[in-house]
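Dropping query-v2.pdb in here (PDB, C-alpha atoms and all ligand atoms):
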```pdb
MODEL        1
ATOM      1  CA  MET A   1       6.984 -65.067 -69.078  1.00  0.00           C
ATOM      2  CA  GLN A   2       3.669 -66.750 -68.610  1.00  0.00           C
ATOM      3  CA  ARG A   3       0.862 -65.240 -66.608  1.00  0.00           C
ATOM      4  CA  ALA A   4      -1.708 -66.982 -64.449  1.00  0.00           C
ATOM      5  CA  CYS A   5      -5.378 -66.103 -64.171  1.00  0.00           C
ATOM      6  CA  LYS A   6      -6.365 -64.929 -60.700  1.00  0.00           C
ATOM      7  CA  ASN A   7      -9.744 -66.642 -61.016  1.00  0.00           C
ATOM      8  CA  ASP A   8      -9.060 -70.079 -62.444  1.00  0.00           C
ATOM      9  CA  HIS A   9      -5.215 -70.215 -62.477  1.00  0.00           C
ATOM     10  CA  PHE A  10      -5.078 -70.881 -66.245  1.00  0.00           C
ATOM     11  CA  LEU A  11      -1.609 -70.108 -67.671  1.00  0.00           C
ATOM     12  CA  SER A  12      -1.329 -67.950 -70.792  1.00  0.00           C
ATOM     13  CA  GLU A  13       0.728 -65.110 -72.210  1.00  0.00           C
ATOM     14  CA  GLU A  14      -2.218 -62.716 -72.081  1.00  0.00           C
ATOM     15  CA  ALA A  15      -2.961 -59.836 -69.738  1.00  0.00           C
ATOM     16  CA  VAL A  16      -6.558 -61.055 -69.710  1.00  0.00           C
ATOM     17  CA  CYS A  17      -7.456 -64.716 -69.237  1.00  0.00           C
ATOM     18  CA  PRO A  18      -8.616 -66.328 -72.513  1.00  0.00           C
ATOM     19  CA  LEU A  19     -10.917 -68.649 -70.577  1.00  0.00           C
ATOM     20  CA  CYS A  20     -12.816 -66.332 -68.249  1.00  0.00           C
ATOM     21  CA  GLY A  21     -11.702 -62.795 -69.143  1.00  0.00           C
ATOM     22  CA  GLY A  22     -10.331 -62.239 -65.655  1.00  0.00           C
ATOM     23  CA  PRO A  23      -7.069 -60.487 -64.757  1.00  0.00           C
ATOM     24  CA  THR A  24      -3.795 -62.419 -64.886  1.00  0.00           C
ATOM     25  CA  SER A  25      -0.733 -62.146 -62.658  1.00  0.00           C
ATOM     26  CA  LYS A  26       2.998 -62.700 -63.177  1.00  0.00           C
ATOM     27  CA  ASN A  27       3.233 -63.624 -59.524  1.00  0.00           C
ATOM     28  CA  TRP A  28       2.516 -67.334 -59.463  1.00  0.00           C
ATOM     29  CA  SER A  29       4.277 -70.623 -58.693  1.00  0.00           C
ATOM     30  CA  GLY A  30       3.951 -74.298 -59.542  1.00  0.00           C
ATOM     31  CA  ILE A  31       2.557 -75.762 -62.740  1.00  0.00           C
ATOM     32  CA  LEU A  32      -0.170 -78.364 -63.002  1.00  0.00           C
ATOM     33  CA  THR A  33      -0.850 -79.703 -66.490  1.00  0.00           C
ATOM     34  CA  ILE A  34      -4.312 -81.164 -66.959  1.00  0.00           C
ATOM     35  CA  LEU A  35      -4.657 -83.324 -70.064  1.00  0.00           C
ATOM     36  CA  ASP A  36      -7.955 -85.035 -69.309  1.00  0.00           C
ATOM     37  CA  PRO A  37     -10.084 -82.940 -66.932  1.00  0.00           C
ATOM     38  CA  GLU A  38     -12.969 -85.413 -66.894  1.00  0.00           C
ATOM     39  CA  ASN A  39     -10.798 -88.156 -65.450  1.00  0.00           C
ATOM     40  CA  SER A  40      -8.580 -86.120 -63.137  1.00  0.00           C
ATOM     41  CA  GLN A  41      -9.210 -85.707 -59.418  1.00  0.00           C
ATOM     42  CA  MET A  42      -6.822 -82.738 -59.417  1.00  0.00           C
ATOM     43  CA  ALA A  43      -8.907 -81.089 -62.120  1.00  0.00           C
ATOM     44  CA  GLU A  44     -12.040 -81.665 -60.102  1.00  0.00           C
ATOM     45  CA  ALA A  45     -10.419 -80.283 -56.950  1.00  0.00           C
ATOM     46  CA  MET A  46      -9.331 -77.155 -58.808  1.00  0.00           C
ATOM     47  CA  ASN A  47     -12.573 -76.754 -60.767  1.00  0.00           C
ATOM     48  CA  VAL A  48     -10.706 -77.191 -64.054  1.00  0.00           C
ATOM     49  CA  THR A  49     -12.838 -78.075 -67.064  1.00  0.00           C
ATOM     50  CA  LYS A  50     -10.442 -77.408 -69.944  1.00  0.00           C
ATOM     51  CA  PRO A  51      -7.135 -79.141 -70.712  1.00  0.00           C
ATOM     52  CA  GLY A  52      -4.132 -76.891 -70.260  1.00  0.00           C
ATOM     53  CA  SER A  53      -1.516 -75.713 -67.820  1.00  0.00           C
ATOM     54  CA  TYR A  54      -2.527 -74.169 -64.522  1.00  0.00           C
ATOM     55  CA  ALA A  55      -0.612 -72.465 -61.736  1.00  0.00           C
ATOM     56  CA  LEU A  56      -0.825 -74.062 -58.327  1.00  0.00           C
ATOM     57  CA  LYS A  57      -0.525 -70.727 -56.524  1.00  0.00           C
ATOM     58  CA  VAL A  58      -1.416 -67.250 -57.788  1.00  0.00           C
ATOM     59  CA  ARG A  59      -0.971 -64.019 -55.883  1.00  0.00           C
TER      60      ARG A  59
HETATM   61 ZN    ZN B   1      -9.426 -67.259 -66.004  1.00  0.00          ZN
ENDMDL
END
```

Would you write the structure of this file as structure tokens?
Ligand SMILES: [Zn+2]
Amino acid sequence: MQRACKNDHFLSEEAVCPLCGGPTSKNWSGILTILDPENSQMAEAMNVTKPGSYALKVR
């Protein structure tokens, strides 16, 4: 079961986000995969700077 960071929505298996060190939640929905953050309007809208998978909604 993957977990999503409550700060930046980054998906990982960790209890603490590997990107920002924030708490993660199992309660999330929707996956957005960002391959090229510098050329993605979605990445810009979500403040994503690193390639990876992100949850669309995190509670
Ligand atoms: Zn994070």

So that I can check the surroundings of stretch 10-27 of chain A, please list as a tab-separated table (two decimals) with C-alpha atoms, in the coordinates of the input every protein, DNA and RNA residue that reaches within 8 Å of it, counting only C-alpha atoms and ignoring chain neighbours fewer than 3 positions away.
```
chain	number	residue	atom	x	y	z
A	1	MET	CA	6.98	-65.07	-69.08
A	2	GLN	CA	3.67	-66.75	-68.61
A	3	ARG	CA	0.86	-65.24	-66.61
A	4	ALA	CA	-1.71	-66.98	-64.45
A	5	CYS	CA	-5.38	-66.10	-64.17
A	6	LYS	CA	-6.36	-64.93	-60.70
A	7	ASN	CA	-9.74	-66.64	-61.02
A	52	GLY	CA	-4.13	-76.89	-70.26
A	53	SER	CA	-1.52	-75.71	-67.82
A	54	TYR	CA	-2.53	-74.17	-64.52
A	55	ALA	CA	-0.61	-72.46	-61.74
A	58	VAL	CA	-1.42	-67.25	-57.79
A	59	ARG	CA	-0.97	-64.02	-55.88
```

Centre, x/y/z edge lengths, axis-aligned box for stretch 38-43 of chain A with 3 Å per side, as lines of an AutoDock Vina configuration file:
```
center_x = -9.9
center_y = -84.6
center_z = -63.2
size_x = 12.1
size_y = 13.1
size_z = 13.5
```

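The two atoms in question, atom CA of A:Lys57 and atom CA of A:Gln41, are spaced 17.6 Å apart.
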
Point to revise | Top pick for closest residue to ligand ZN 1 (chain B), considering A:His9, A:Ser29, A:Glu44, A:Glu38 and counting only C-alpha atoms and all ligand atoms | key: A:His9

Exercise for review: For atom CA of A:Ser40 and atom ZN of ligand ZN 1 (chain B), determine how far apart the two atoms are, in Å to one decimal place.
Suggested key: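 Taking atom CA of A:Ser40 and atom ZN of ligand ZN 1 (chain B), their separation equals 19.1 Å.
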
Exercise for review: Find the distance between atom CA of A:Leu56 and atom CA of A:Pro37 and write it in Å to one decimal.
Suggested key: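 Atom-to-atom, atom CA of A:Leu56 to atom CA of A:Pro37, that is 15.4 Å.
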
Output requested as a short mmCIF file (atom, residue, chain, number, x, y, z; two decimals), in the coordinates of the input - stretch 6-25 of chain A, filled out with N, CA and C atoms.
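File out21.cif, as written:
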```
data_model
loop_
_atom_site.label_atom_id
_atom_site.label_comp_id
_atom_site.auth_asym_id
_atom_site.auth_seq_id
_atom_site.Cartn_x
_atom_site.Cartn_y
_atom_site.Cartn_z
N LYS A 6 -6.09 -65.00 -62.14
CA LYS A 6 -6.36 -64.93 -60.70
C LYS A 6 -7.65 -65.67 -60.33
N ASN A 7 -8.49 -65.93 -61.30
CA ASN A 7 -9.74 -66.64 -61.02
C ASN A 7 -9.57 -68.15 -61.08
N ASP A 8 -9.09 -68.63 -62.24
CA ASP A 8 -9.06 -70.08 -62.44
C ASP A 8 -7.66 -70.65 -62.59
N HIS A 9 -6.62 -69.80 -62.48
CA HIS A 9 -5.22 -70.22 -62.48
C HIS A 9 -4.73 -70.68 -63.85
N PHE A 10 -5.50 -70.48 -64.91
CA PHE A 10 -5.08 -70.88 -66.24
C PHE A 10 -3.85 -70.08 -66.67
N LEU A 11 -2.83 -70.78 -67.24
CA LEU A 11 -1.61 -70.11 -67.67
C LEU A 11 -1.71 -69.70 -69.14
N SER A 12 -1.34 -68.45 -69.42
CA SER A 12 -1.33 -67.95 -70.79
C SER A 12 -0.31 -66.84 -70.87
N GLU A 13 -0.18 -66.25 -72.05
CA GLU A 13 0.73 -65.11 -72.21
C GLU A 13 -0.06 -63.81 -72.19
N GLU A 14 -1.33 -63.87 -71.93
CA GLU A 14 -2.22 -62.72 -72.08
C GLU A 14 -2.39 -61.96 -70.77
N ALA A 15 -2.67 -60.66 -70.91
CA ALA A 15 -2.96 -59.84 -69.74
C ALA A 15 -4.36 -60.13 -69.21
N VAL A 16 -5.19 -60.68 -70.10
CA VAL A 16 -6.56 -61.06 -69.71
C VAL A 16 -6.74 -62.54 -70.02
N CYS A 17 -7.30 -63.27 -69.09
CA CYS A 17 -7.46 -64.72 -69.24
C CYS A 17 -8.33 -65.07 -70.44
N PRO A 18 -7.81 -65.94 -71.35
CA PRO A 18 -8.62 -66.33 -72.51
C PRO A 18 -9.81 -67.21 -72.15
N LEU A 19 -9.80 -67.79 -70.97
CA LEU A 19 -10.92 -68.65 -70.58
C LEU A 19 -12.06 -67.85 -69.98
N CYS A 20 -11.75 -66.98 -69.00
CA CYS A 20 -12.82 -66.33 -68.25
C CYS A 20 -12.79 -64.81 -68.37
N GLY A 21 -11.76 -64.25 -69.01
CA GLY A 21 -11.70 -62.80 -69.14
C GLY A 21 -11.24 -62.07 -67.90
N GLY A 22 -10.80 -62.84 -66.90
CA GLY A 22 -10.33 -62.24 -65.66
C GLY A 22 -8.90 -61.75 -65.76
N PRO A 23 -8.44 -61.00 -64.76
CA PRO A 23 -7.07 -60.49 -64.76
C PRO A 23 -6.05 -61.60 -64.52
N THR A 24 -4.86 -61.44 -65.11
CA THR A 24 -3.80 -62.42 -64.89
C THR A 24 -2.65 -61.77 -64.11
N SER A 25 -1.82 -62.62 -63.51
CA SER A 25 -0.73 -62.15 -62.66
C SER A 25 0.56 -62.83 -63.04
#
```
